[in-house]
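A.B. asks: Compact mmCIF, C-alpha atoms, file start_26.txt:
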# COMPACT_ATOMS: atom_id res chain seq x y z
CA MET A 227 -52.89 -0.47 12.41
CA SER A 228 -51.09 -3.69 11.60
CA PHE A 229 -53.68 -4.62 8.97
CA ARG A 230 -53.14 -1.33 7.13
CA ALA A 231 -49.35 -1.37 7.44
CA PHE A 232 -48.83 -4.86 6.03
CA PRO A 233 -49.97 -4.37 2.42
CA PHE A 234 -47.94 -1.19 2.18
CA ALA A 235 -44.75 -2.89 3.34
CA PHE A 236 -45.41 -5.71 0.90
CA THR A 237 -45.89 -3.55 -2.18
CA PHE A 238 -43.16 -1.00 -1.50
CA PRO A 239 -40.20 -3.00 -2.90
CA VAL A 240 -42.22 -3.81 -6.01
CA LEU A 241 -42.97 -0.14 -6.59
CA VAL A 242 -39.34 0.80 -6.05
CA ALA A 243 -38.14 -1.87 -8.49
CA ALA A 244 -40.60 -0.72 -11.15
CA PHE A 245 -39.60 2.89 -10.65
CA ALA A 246 -35.90 2.00 -10.86
CA LEU A 247 -36.41 0.23 -14.20
CA ALA A 248 -38.30 3.19 -15.61
CA ASN A 249 -35.78 5.70 -14.36
CA PRO A 250 -32.21 4.31 -14.27
CA PRO A 251 -30.55 7.32 -12.58
CA MET A 252 -32.72 6.63 -9.53
CA GLN A 253 -31.54 3.06 -9.11
CA ARG A 254 -28.91 3.95 -6.56
CA ALA A 255 -31.42 5.86 -4.48
CA ALA A 256 -33.84 2.96 -4.75
CA VAL A 257 -31.23 0.58 -3.37
CA ALA A 258 -30.49 2.90 -0.49
CA ALA A 259 -34.16 3.48 0.24
CA ALA A 260 -35.17 -0.17 0.20
CA PRO A 261 -32.83 -2.15 2.40
CA ALA A 262 -35.54 -4.80 2.75
CA ALA A 263 -35.23 -5.68 -0.95
CA PRO A 264 -33.60 -9.11 -1.16
CA VAL A 265 -31.36 -8.26 -4.12
CA ALA A 266 -30.33 -4.86 -5.45
CA ALA A 267 -31.34 -3.97 -9.01
CA ALA A 268 -28.13 -2.05 -9.76
CA PRO A 269 -25.82 -3.02 -6.94
CA ALA A 270 -23.74 -0.11 -5.69
CA VAL A 271 -21.46 0.52 -2.75
CA HIS A 272 -20.46 4.01 -1.73
CA ILE A 273 -17.37 4.80 0.29
CA VAL A 274 -18.24 7.59 2.70
CA ASN A 275 -16.28 8.56 5.81
CA PHE A 276 -13.93 5.57 5.50
CA THR A 277 -16.92 3.20 5.46
CA PHE A 278 -18.27 0.85 2.78
CA GLY A 279 -22.04 1.27 2.56
CA PRO A 280 -23.87 -1.00 2.69
CA ALA A 281 -21.38 -3.10 4.63
CA LEU A 282 -23.14 -6.24 3.38
CA LEU A 283 -24.51 -6.18 -0.16
CA LYS A 284 -26.60 -9.06 -1.53
CA VAL A 285 -26.55 -9.71 -5.31
CA ARG A 286 -27.32 -12.51 -7.74
CA VAL A 287 -24.75 -14.42 -9.81
CA GLY A 288 -23.97 -12.43 -12.94
CA GLN A 289 -24.62 -9.02 -11.40
CA THR A 290 -22.06 -6.23 -11.51
CA VAL A 291 -21.31 -4.26 -8.37
CA THR A 292 -20.00 -0.71 -8.66
CA TRP A 293 -18.05 0.94 -5.86
CA THR A 294 -17.69 4.74 -5.79
CA ASN A 295 -15.29 6.66 -3.59
CA ASP A 296 -17.06 9.72 -2.18
CA ASP A 297 -14.23 10.54 0.28
CA ASP A 298 -11.52 13.18 -0.03
CA ILE A 299 -8.95 10.42 0.48
CA PRO A 300 -8.11 7.58 -1.93
CA HIS A 301 -9.26 4.06 -1.16
CA THR A 302 -9.14 0.64 -2.78
CA VAL A 303 -11.56 -2.27 -3.02
CA THR A 304 -9.54 -5.44 -2.44
CA ALA A 305 -10.98 -8.93 -1.95
CA ASN A 306 -9.56 -10.63 1.13
CA ASP A 307 -8.51 -13.50 -1.14
CA HIS A 308 -7.39 -10.99 -3.84
CA SER A 309 -9.88 -12.50 -6.33
CA PHE A 310 -10.71 -8.90 -7.26
CA LYS A 311 -8.82 -5.69 -6.62
CA SER A 312 -9.37 -2.16 -7.81
CA LYS A 313 -6.69 0.31 -8.69
CA VAL A 314 -6.54 3.19 -6.26
CA LEU A 315 -9.81 5.12 -6.39
CA ASP A 316 -9.45 8.86 -5.98
CA THR A 317 -12.45 11.04 -5.13
CA GLY A 318 -15.41 10.25 -7.40
CA GLU A 319 -13.76 7.31 -9.13
CA HIS A 320 -15.53 3.96 -9.66
CA PHE A 321 -14.65 0.30 -9.72
CA SER A 322 -16.95 -2.44 -11.05
CA PHE A 323 -16.75 -6.18 -10.68
CA THR A 324 -19.10 -8.89 -12.00
CA PHE A 325 -19.65 -11.82 -9.66
CA THR A 326 -19.87 -15.08 -11.62
CA ARG A 327 -20.24 -17.53 -8.75
CA ALA A 328 -22.25 -17.72 -5.55
CA GLY A 329 -20.63 -17.19 -2.18
CA LEU A 330 -19.64 -14.65 0.43
CA PHE A 331 -16.90 -12.29 -0.71
CA PRO A 332 -15.31 -10.25 2.07
CA TYR A 333 -13.19 -7.30 0.95
CA PHE A 334 -11.29 -4.36 2.46
CA CYS A 335 -9.42 -1.18 1.62
CA SER A 336 -5.74 -2.07 1.27
CA LEU A 337 -4.75 1.45 2.37
CA HIS A 338 -7.03 1.58 5.40
CA PRO A 339 -7.50 -2.11 6.26
CA HIS A 340 -9.87 -1.41 9.15
CA MET A 341 -12.40 -0.60 6.37
CA THR A 342 -14.16 -3.86 5.50
CA GLY A 343 -17.28 -4.95 3.59
CA LYS A 344 -18.91 -8.08 2.17
CA VAL A 345 -20.77 -9.05 -0.96
CA MET A 346 -23.11 -12.03 -0.69
CA VAL A 347 -23.73 -13.58 -4.11
CA VAL A 348 -26.73 -15.90 -4.44
CA ALA A 349 -27.78 -18.17 -7.33
CA LYS A 350 -29.96 -16.66 -10.06
CA MET B 99 17.81 2.67 45.29
CA PRO B 100 16.66 2.17 41.74
CA PRO B 101 13.03 2.85 41.06
CA PRO B 102 11.00 -0.35 41.47
CA GLU B 103 9.42 -0.01 38.01
CA ASP B 104 12.83 -0.32 36.34
CA PRO B 105 14.36 -3.69 37.25
CA THR B 106 17.22 -3.33 34.74
CA ALA B 107 18.59 -0.26 36.55
CA SER B 108 19.82 -2.34 39.47
CA THR B 109 22.27 -4.16 37.22
CA ARG B 110 24.01 -1.00 36.12
CA ARG B 111 27.14 0.25 37.81
CA ASP B 112 25.72 3.68 37.77
CA ALA B 113 22.55 5.03 36.34
CA LEU B 114 22.61 8.53 35.02
CA LYS B 115 19.45 10.48 34.78
CA CYS B 116 18.50 12.04 31.54
CA MET B 117 15.44 13.89 30.53
CA ALA B 118 13.43 13.40 27.41
CA TRP B 119 11.15 16.28 26.81
CA ALA B 120 8.86 17.11 24.01
CA GLY B 121 6.74 20.09 23.33
CA THR B 122 5.10 22.43 20.90
CA GLY B 123 7.42 25.38 20.84
CA ALA B 124 7.38 26.92 24.27
CA LEU B 125 3.70 26.36 24.80
CA TRP B 126 3.86 23.12 26.69
CA ALA B 127 6.31 20.46 27.64
CA LEU B 128 6.11 16.91 28.88
CA ASN B 129 8.79 15.52 31.14
CA GLY B 130 9.79 11.96 31.71
CA GLY B 131 12.90 10.68 33.42
CA VAL B 132 14.89 8.05 31.58
CA ALA B 133 17.63 6.10 33.35
CA HIS B 134 20.63 6.00 31.09
CA GLY B 135 24.16 4.60 31.42
CA ALA B 136 25.53 5.69 28.08
CA LEU B 137 28.31 7.90 29.38
CA LEU B 138 29.98 5.02 31.17
CA ASP B 139 30.53 3.21 27.89
CA LYS B 140 31.66 6.16 25.84
CA ALA B 141 35.33 7.09 25.83
CA ALA B 142 34.69 10.48 24.32
CA PRO B 143 31.11 11.66 24.16
CA ALA B 144 30.32 13.19 20.82
CA PRO B 145 28.98 16.72 20.79
CA GLY B 146 25.27 17.05 20.19
CA PHE B 147 23.58 17.00 16.85
CA SER B 148 20.17 17.65 15.45
CA PHE B 149 18.03 16.21 12.72
CA LEU B 150 14.67 17.08 11.32
CA GLN B 151 11.45 15.17 10.76
CA LEU B 152 9.13 15.99 7.88
CA SER B 153 5.95 14.01 7.31
CA ASP B 154 2.86 13.58 5.22
CA SER B 155 3.63 15.98 2.39
CA HIS B 156 0.90 14.46 0.19
CA VAL B 157 2.25 16.13 -2.95
CA GLY B 158 -0.63 16.04 -5.42
CA PHE B 159 -3.32 16.66 -2.80
CA ALA B 160 -5.59 19.49 -3.99
CA LYS B 161 -8.85 19.31 -2.07
CA PRO B 162 -10.65 21.94 0.04
CA ALA B 163 -8.54 21.10 3.11
CA ASN B 164 -5.48 22.38 1.18
CA PRO B 165 -5.79 23.32 -2.50
CA ASP B 166 -2.00 23.20 -2.98
CA ALA B 167 0.05 20.73 -0.92
CA ARG B 168 3.10 21.55 -3.05
CA ALA B 169 3.00 25.16 -1.84
CA THR B 170 2.89 24.21 1.84
CA LEU B 171 5.75 21.74 1.35
CA ARG B 172 7.75 24.57 -0.23
CA GLU B 173 7.01 26.68 2.85
CA ALA B 174 8.22 23.89 5.11
CA VAL B 175 11.40 23.61 3.06
CA ALA B 176 11.92 27.38 3.27
CA LYS B 177 11.64 27.06 7.04
CA VAL B 178 14.30 24.34 7.04
CA ILE B 179 16.62 26.43 4.90
CA ALA B 180 16.20 29.37 7.28
CA MET B 181 17.13 27.36 10.38
CA PRO B 182 20.09 28.91 12.22
CA VAL B 183 21.64 25.50 12.89
CA LYS B 184 21.55 23.19 9.91
CA PRO B 185 20.29 19.72 10.87
CA ASP B 186 22.62 16.83 10.06
CA PHE B 187 19.90 15.11 8.05
CA ILE B 188 16.16 14.90 7.50
CA ILE B 189 13.89 11.92 7.95
CA HIS B 190 10.62 11.89 6.03
CA THR B 191 8.06 9.62 7.68
CA GLY B 192 5.99 8.88 4.60
CA ASP B 193 3.05 9.91 2.48
CA ILE B 194 5.44 11.90 0.34
CA THR B 195 2.81 11.78 -2.42
CA GLN B 196 -0.95 11.59 -2.57
CA LEU B 197 -1.31 8.86 -5.23
CA SER B 198 2.25 7.55 -5.89
CA ARG B 199 2.25 9.14 -9.36
CA ASP B 200 5.64 9.71 -10.99
CA SER B 201 4.85 13.40 -11.40
CA GLU B 202 4.10 13.66 -7.67
CA PHE B 203 7.33 11.90 -6.70
CA ASP B 204 9.20 14.14 -9.16
CA ASP B 205 7.74 17.32 -7.69
CA ALA B 206 8.33 16.20 -4.10
CA ASP B 207 11.91 15.33 -4.95
CA GLN B 208 12.51 18.67 -6.61
CA ILE B 209 11.03 20.63 -3.67
CA LEU B 210 12.79 18.61 -0.95
CA ARG B 211 16.13 18.73 -2.76
CA GLU B 212 16.14 22.50 -2.17
CA THR B 213 17.13 21.88 1.45
CA GLY B 214 20.52 20.55 0.33
CA ILE B 215 20.32 18.16 3.30
CA LYS B 216 20.58 14.38 3.10
CA THR B 217 17.08 12.95 3.51
CA PHE B 218 16.00 9.44 4.53
CA TYR B 219 12.55 8.16 3.63
CA VAL B 220 10.13 5.49 4.80
CA PRO B 221 6.93 5.03 2.79
CA GLY B 222 3.39 5.84 3.85
CA GLU B 223 0.40 3.98 2.42
CA HIS B 224 -0.01 6.77 -0.16
CA ASP B 225 3.45 5.93 -1.53
CA MET B 226 2.42 2.29 -2.22
CA LEU B 227 -0.32 2.98 -4.80
CA ASP B 228 1.61 2.35 -8.01
CA GLU B 229 1.01 -0.82 -10.03
CA GLY B 230 3.96 -2.48 -8.31
CA ALA B 231 2.62 -1.65 -4.80
CA GLY B 232 5.64 0.34 -3.68
CA LYS B 233 8.12 -0.33 -6.51
CA SER B 234 8.15 3.35 -7.54
CA PHE B 235 9.06 4.36 -3.99
CA LEU B 236 11.79 1.72 -3.79
CA ALA B 237 13.23 2.71 -7.16
CA ARG B 238 13.71 6.26 -5.86
CA TYR B 239 14.46 5.83 -2.18
CA GLY B 240 15.07 2.14 -1.56
CA LYS B 241 18.80 2.00 -2.26
CA GLY B 242 20.48 0.11 0.55
CA SER B 243 17.16 -0.89 2.13
CA LEU B 244 15.62 -4.31 2.59
CA GLY B 245 12.14 -5.73 1.96
CA ALA B 246 9.56 -2.98 1.50
CA GLY B 247 12.18 -0.34 2.34
CA TRP B 248 13.41 -0.81 5.92
CA PHE B 249 16.98 0.08 6.93
CA SER B 250 19.14 1.34 9.76
CA PHE B 251 22.20 3.54 10.20
CA ASP B 252 24.37 4.99 12.92
CA HIS B 253 24.90 8.67 13.53
CA GLY B 254 26.54 10.56 16.38
CA GLY B 255 26.57 7.49 18.61
CA ALA B 256 22.85 6.87 18.12
CA HIS B 257 21.24 4.09 16.07
CA PHE B 258 18.48 5.04 13.63
CA ILE B 259 15.96 2.48 12.37
CA GLY B 260 13.52 3.18 9.53
CA LEU B 261 10.61 0.71 9.55
CA VAL B 262 7.82 0.08 7.02
CA ASN B 263 4.36 -0.65 8.43
CA VAL B 264 2.25 0.09 5.34
CA ALA B 265 3.00 -2.97 3.18
CA ASN B 266 0.80 -6.10 2.85
CA LEU B 267 -1.87 -4.84 5.22
CA LYS B 268 -4.40 -7.43 6.38
CA PRO B 269 -8.22 -7.12 6.22
CA GLY B 270 -9.61 -5.67 9.42
CA GLY B 271 -6.15 -4.82 10.72
CA MET B 272 -4.06 -1.69 11.21
CA GLY B 273 -0.42 -1.05 10.29
CA SER B 274 1.79 -4.13 10.05
CA LEU B 275 5.53 -4.79 10.20
CA GLY B 276 5.45 -8.50 9.37
CA ALA B 277 7.60 -11.44 10.43
CA GLU B 278 10.45 -10.80 7.97
CA GLN B 279 11.00 -7.23 9.13
CA LEU B 280 10.75 -8.19 12.81
CA ALA B 281 13.37 -10.91 12.30
CA TRP B 282 15.64 -8.34 10.65
CA LEU B 283 15.08 -5.88 13.50
CA LYS B 284 16.00 -8.50 16.08
CA LYS B 285 19.31 -9.10 14.30
CA ASP B 286 19.90 -5.42 13.67
CA VAL B 287 19.80 -4.42 17.33
CA ALA B 288 21.35 -7.61 18.77
CA ARG B 289 24.91 -6.26 18.39
CA LEU B 290 24.18 -2.94 20.10
CA PRO B 291 24.99 -2.19 23.74
CA ALA B 292 21.94 -1.22 25.80
CA SER B 293 23.40 2.25 26.21
CA THR B 294 23.00 3.09 22.50
CA PRO B 295 20.28 5.70 22.02
CA ILE B 296 17.73 4.28 19.57
CA ILE B 297 15.58 6.33 17.22
CA VAL B 298 12.88 4.44 15.33
CA PHE B 299 10.85 6.07 12.59
CA ALA B 300 7.91 4.67 10.65
CA HIS B 301 4.78 6.07 9.03
CA ILE B 302 1.87 4.72 11.08
CA PRO B 303 2.17 5.14 14.86
CA LEU B 304 3.87 2.22 16.59
CA TRP B 305 1.38 2.41 19.41
CA THR B 306 -2.39 2.39 19.22
CA VAL B 307 -3.52 6.00 19.13
CA TYR B 308 -7.09 5.17 18.02
CA ALA B 309 -8.05 1.68 16.89
CA GLU B 310 -11.43 2.75 15.46
CA TRP B 311 -9.56 4.73 12.80
CA GLY B 312 -6.81 2.16 12.36
CA TRP B 313 -4.25 4.47 13.97
CA GLY B 314 -1.85 1.87 15.24
CA THR B 315 0.34 -1.07 14.21
CA ASP B 316 -0.87 -4.61 14.92
CA ASP B 317 2.55 -6.12 15.68
CA ALA B 318 4.26 -3.01 17.11
CA ALA B 319 4.51 -4.62 20.55
CA ARG B 320 6.84 -7.26 19.12
CA ALA B 321 9.17 -4.54 17.83
CA LEU B 322 9.03 -2.58 21.08
CA THR B 323 9.85 -5.73 23.06
CA LEU B 324 13.10 -6.02 21.10
CA LEU B 325 13.96 -2.44 22.09
CA ARG B 326 12.96 -2.62 25.74
CA ARG B 327 16.51 -3.26 27.01
CA PHE B 328 17.80 0.05 25.62
CA GLY B 329 18.20 3.04 27.88
CA SER B 330 16.72 5.57 25.48
CA VAL B 331 14.26 4.84 22.68
CA THR B 332 12.60 7.59 20.66
CA ILE B 333 9.81 6.64 18.26
CA LEU B 334 8.84 9.11 15.56
CA ASN B 335 5.76 8.60 13.41
CA GLY B 336 3.44 10.46 11.06
CA HIS B 337 0.15 9.38 9.43
CA ILE B 338 -2.26 11.12 11.81
CA HIS B 339 -1.36 14.72 10.86
CA GLN B 340 -1.26 16.01 14.41
CA ILE B 341 1.02 15.90 17.43
CA VAL B 342 0.36 13.10 19.88
CA GLN B 343 3.00 12.01 22.33
CA LYS B 344 3.62 9.96 25.39
CA VAL B 345 6.51 8.78 27.51
CA GLU B 346 6.41 5.18 28.67
CA GLY B 347 9.38 4.15 30.77
CA LYS B 348 12.44 4.77 28.63
CA MET B 349 10.43 5.12 25.43
CA THR B 350 9.31 8.44 24.01
CA PHE B 351 6.59 8.33 21.35
CA HIS B 352 5.86 11.30 19.12
CA THR B 353 3.85 11.93 15.96
CA ALA B 354 4.59 14.88 13.68
CA ARG B 355 2.31 17.32 11.95
CA SER B 356 1.74 17.05 8.21
CA THR B 357 2.97 19.66 5.76
CA ALA B 358 -0.27 19.23 3.76
CA PHE B 359 -3.49 19.15 5.80
CA PRO B 360 -4.67 18.49 9.36
CA GLN B 361 -6.72 15.50 10.43
CA PRO B 362 -9.25 15.54 13.28
CA VAL B 363 -8.52 14.69 16.87
CA PRO B 364 -9.57 11.03 17.44
CA GLY B 365 -13.29 10.64 17.90
CA THR B 366 -14.17 14.27 17.13
CA ALA B 367 -15.29 13.64 13.54
CA PRO B 368 -17.15 10.91 11.63
CA SER B 369 -13.89 9.84 9.96
CA PRO B 370 -10.16 10.56 9.94
CA GLY B 371 -10.47 12.35 6.57
CA PRO B 372 -8.82 15.71 5.83
CA GLN B 373 -9.98 18.45 8.17
CA THR B 374 -10.95 21.71 6.50
CA VAL B 375 -10.24 24.65 8.77
CA PRO B 376 -11.26 28.31 8.29
CA PRO B 377 -9.08 30.30 5.88
CA GLY B 378 -5.96 31.63 7.57
CA GLN B 379 -5.80 28.80 10.11
CA LEU B 380 -4.33 26.06 7.94
CA ARG B 381 -0.67 26.93 8.39
CA ALA B 382 -0.99 26.92 12.17
CA MET B 383 -1.89 23.23 11.88
CA LEU B 384 0.98 22.20 9.58
CA GLY B 385 4.60 21.96 10.59
CA ILE B 386 7.95 20.27 11.06
CA THR B 387 9.73 18.63 14.00
CA ASP B 388 13.28 19.43 15.06
CA VAL B 389 15.05 16.78 17.15
CA THR B 390 18.19 17.64 19.09
CA PHE B 391 20.52 15.23 20.86
CA ARG B 392 22.85 16.72 23.42
CA ARG B 393 25.43 14.18 24.42
CA GLY B 394 26.74 14.78 27.91
CA THR B 395 23.38 15.80 29.25
CA GLU B 396 21.74 12.85 27.44
CA ARG B 397 18.93 15.12 26.57
CA ILE B 398 16.61 14.58 23.62
CA ALA B 399 14.62 17.62 22.61
CA LEU B 400 11.70 17.43 20.21
CA ILE B 401 10.54 20.83 19.08
CA ASP B 402 7.54 21.14 16.80
CA SER B 403 7.02 24.36 14.92
CA THR B 404 4.19 25.34 12.61
CA LEU B 405 4.23 26.95 9.16
CA ALA B 406 2.21 29.91 10.46
What's the structure tokens form of this structure?

C.D. replies:
Amino acid sequence: MSFRAFPFAFTFPVLVAAFALANPPMQRAAVAAAPAAPVAAAPAVHIVNFTFGPALLKVRVGQTVTWTNDDDIPHTVTANDHSFKSKVLDTGEHFSFTFTRAGLFPYFCSLHPHMTGKVMVVAK
Amino acid sequence: MPPPEDPTASTRRDALKCMAWAGTGALWALNGGVAHGALLDKAAPAPGFSFLQLSDSHVGFAKPANPDARATLREAVAKVIAMPVKPDFIIHTGDITQLSRDSEFDDADQILRETGIKTFYVPGEHDMLDEGAGKSFLARYGKGSLGAGWFSFDHGGAHFIGLVNVANLKPGGMGSLGAEQLAWLKKDVARLPASTPIIVFAHIPLWTVYAEWGWGTDDAARALTLLRRFGSVTILNGHIHQIVQKVEGKMTFHTARSTAFPQPVPGTAPSPGPQTVPPGQLRAMLGITDVTFRRGTERIALIDSTLA
């Protein structure tokens, strides 16, 4: 069993990445379906039920993260150190930010501060 | 003998009993005895008065839970206008608008002005979403207020305090009053005799209703400590779009219904987002709160009524 499972687990992220490149609209699904992937191809965070998902997103320097509010209530994306801050995001609205340096960037919703998330930015 | 849980009562020449009760129409009532010496310090007790609490109008909200929050606010206002005894004033405990847009503030103002009754406002987090993080609210309603919009006034022998717990919120936290406002509050109440009835109003509950959903105020205990010496403290909040209340010693806590949409009972849904109820049931979950003070009996009555 373990012999058969290993090669599948190994190739899966590669297949997902290739598929995402060939079919951009699927990138978000690919990120959600492959949490084991070290870095997201098109990093996205969705706000659902007053929760940032994924709570911890790993990206490389230079990548742009897009947050989308899928709730019926407005939210914001506000860095704890205010190095980035969205305007208020109503239902379906987006906010994008490009991370230009490595580090851990904790953020929260300034309306509902119990909502928190983190972006970990690693070197290229 | 004074009750052992109330050490301050033993220092009073005489402790009069008063009752604070709160209920939803005639359906249910909660009783709590509050020791009160106010009459001893009052040469001529004023006759009673009433005021009204409106909350969470969310003008601009147009989602399945309520496609027209303006219409339900108009219904609430019509209910106020139809009241047999006109309240002395209205307090609005925030979330006047959905997104702090000028057009939303304009519409709310136009609808609420129909009451013809003086209205006091404290902001909710939805009223802080303009570029200036609350400047639009302050430009309209902040006259005579301090900081993010806090203020106090006296009426009918009672002291009213409007607090702001939706400004400069901290990551991972809940509502927050902040050091500056707490310092002001300490000074504001320092001059008052302990017999003065206190009414505090703020948007987010000043006690922790449900931490998982952020339904509380991190530094509320510091404010409540400053009010502990008073014989009667009534705390009126909004934010959670449903009635929750408790009596703790001489403090009565109460949250009002929204005029826009209901929110779920804590823990009964994946999130505190707007609750969509079957058609025809919405108005039974929206409403207003009427507060009556009867001097002489020292009785505070909180009566919630729905728009249904």

A.B. asks: Can you tell me which residues surround Gly158 (chain B) at a distance of at most 9 Å, considering only C-alpha atoms, apart from same-chain residues fewer than 3 positions away, and format the answer as a list in words?

C.D. replies: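 So, after excluding close chain neighbours, the residues are Ser155, Asp166, Ala167, Arg168, Thr195, Gln196, Leu197, Ser198, Arg199, Ser201, Glu202 and Asp205 of chain B.
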
A.B. asks: Distance CA of Lys284 (chain B)-CA of Leu324 (chain B), one decimal place?

C.D. replies: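 One can read the CA of Lys284 (chain B) to CA of Leu324 (chain B) distance as 6.3 Å.
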
A.B. asks: Within 6 Å of chain A, which residues of chain B show up when using only C-alpha atoms, listed as a compact mmCIF listing (two decimals) with C-alpha atoms, in the coordinates of the input?

C.D. replies:
# COMPACT_ATOMS: atom_id res chain seq x y z
CA GLU B 223 0.40 3.98 2.42
CA PRO B 269 -8.22 -7.12 6.22
CA GLY B 270 -9.61 -5.67 9.42
CA GLY B 271 -6.15 -4.82 10.72
CA GLY B 312 -6.81 2.16 12.36
CA SER B 369 -13.89 9.84 9.96

A.B. asks: Quick check, in Å to one decimal: how far apart do CA of Phe203 (chain B) and CA of Phe149 (chain B) lie?

C.D. replies: 22.6 Å

A.B. asks: By how many Å are CA of Lys233 (chain B) and CA of Asp200 (chain B) apart?

C.D. replies: 11.3 Å

A.B. asks: Excluding Thr213 (chain B) and residues on its chain fewer than 6 positions from it, collect all residues at most 10 Å away from it, counting only C-alpha atoms, and give them as an MDAnalysis selection string.

C.D. replies: chainID B and resid 172 174:180 184 187:188

A.B. asks: So, counting all atoms listed in the file, which residue among B:Ser148, B:Thr353, B:Asn164, B:Asn335 is closest to Gln379 (chain B)?

C.D. replies: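 Closest candidate: B:Asn164.
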
A.B. asks: Return the single residue from B:Gly222, B:Gly214, B:Gly329, B:Gly385 that is closest to His301 (chain B), with distances computed using all atoms listed in the file.

C.D. replies: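 Nearest to His301 (chain B): B:Gly222.
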
A.B. asks: Identify, on the basis of only C-alpha atoms, every residue whose closest approach to Ile194 (chain B) does not exceed 7 Å; exclude the query and any residue fewer than 6 positions from it along the same chain; express the result as a list of chain:residue names.

C.D. replies: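 Near Ile194 (chain B), the qualifying residues are B:Asp154, B:Ser155, B:His156, B:Val157, B:Ala206, B:Asp225.
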
A.B. asks: Keeping only C-alpha atoms, write the selected residues as a PDB file, in the frame of the given file.

C.D. replies:
ATOM      1  CA  ASP B 154       2.860  13.580   5.220  1.00  0.00           C
ATOM      2  CA  SER B 155       3.630  15.980   2.390  1.00  0.00           C
ATOM      3  CA  HIS B 156       0.900  14.460   0.190  1.00  0.00           C
ATOM      4  CA  VAL B 157       2.250  16.130  -2.950  1.00  0.00           C
ATOM      5  CA  ALA B 206       8.330  16.200  -4.100  1.00  0.00           C
ATOM      6  CA  ASP B 225       3.450   5.930  -1.530  1.00  0.00           C
TER       7      ASP B 225
END

A.B. asks: Within 12 Å of Thr323 (chain B), counting only C-alpha atoms, which residues show up once you throw out same-chain ones fewer than 3 positions away? Write them as a ChimeraX atom specification, please.

C.D. replies: /B:280,283-284,287,304,317-320,326-328,331,349

A.B. asks: Taking all atoms listed in the file into account, which of B:Ile189, B:Leu290, B:Val220, B:Leu227 comes nearest Ser312 (chain A)?

C.D. replies: B:Leu227

A.B. asks: Compile the contact shell of Leu405 (chain B) as a PyMOL selection string: residues with an atom at most 9 Å away, counting all atoms listed in the file, same-chain residues fewer than 5 positions apart removed.

C.D. replies: chain B and resi 170+173-174+177+357+380-386

A.B. asks: Which residue out of B:Phe391, B:Phe359, B:Trp305, B:Phe249 has the minimum interatomic distance to Ala169 (chain B) when only C-alpha atoms are used?

C.D. replies: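 Among the listed residues, B:Phe359 lies closest to Ala169 (chain B).
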
A.B. asks: Which one of B:Ala163, B:Ala309, B:Ile338, B:Leu322 sits closest to Ala354 (chain B) if you count only C-alpha atoms?

C.D. replies: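 Once distances to Ala354 (chain B) are computed over only C-alpha atoms, the minimum belongs to B:Ile338.
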
A.B. asks: Pick out the closest residue to Ala358 (chain B) from this set: B:Gln340, B:Thr306, B:Asp316, B:Ile215. Count only C-alpha atoms.

C.D. replies: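 For Ala358 (chain B), the nearest of the candidates is B:Gln340.
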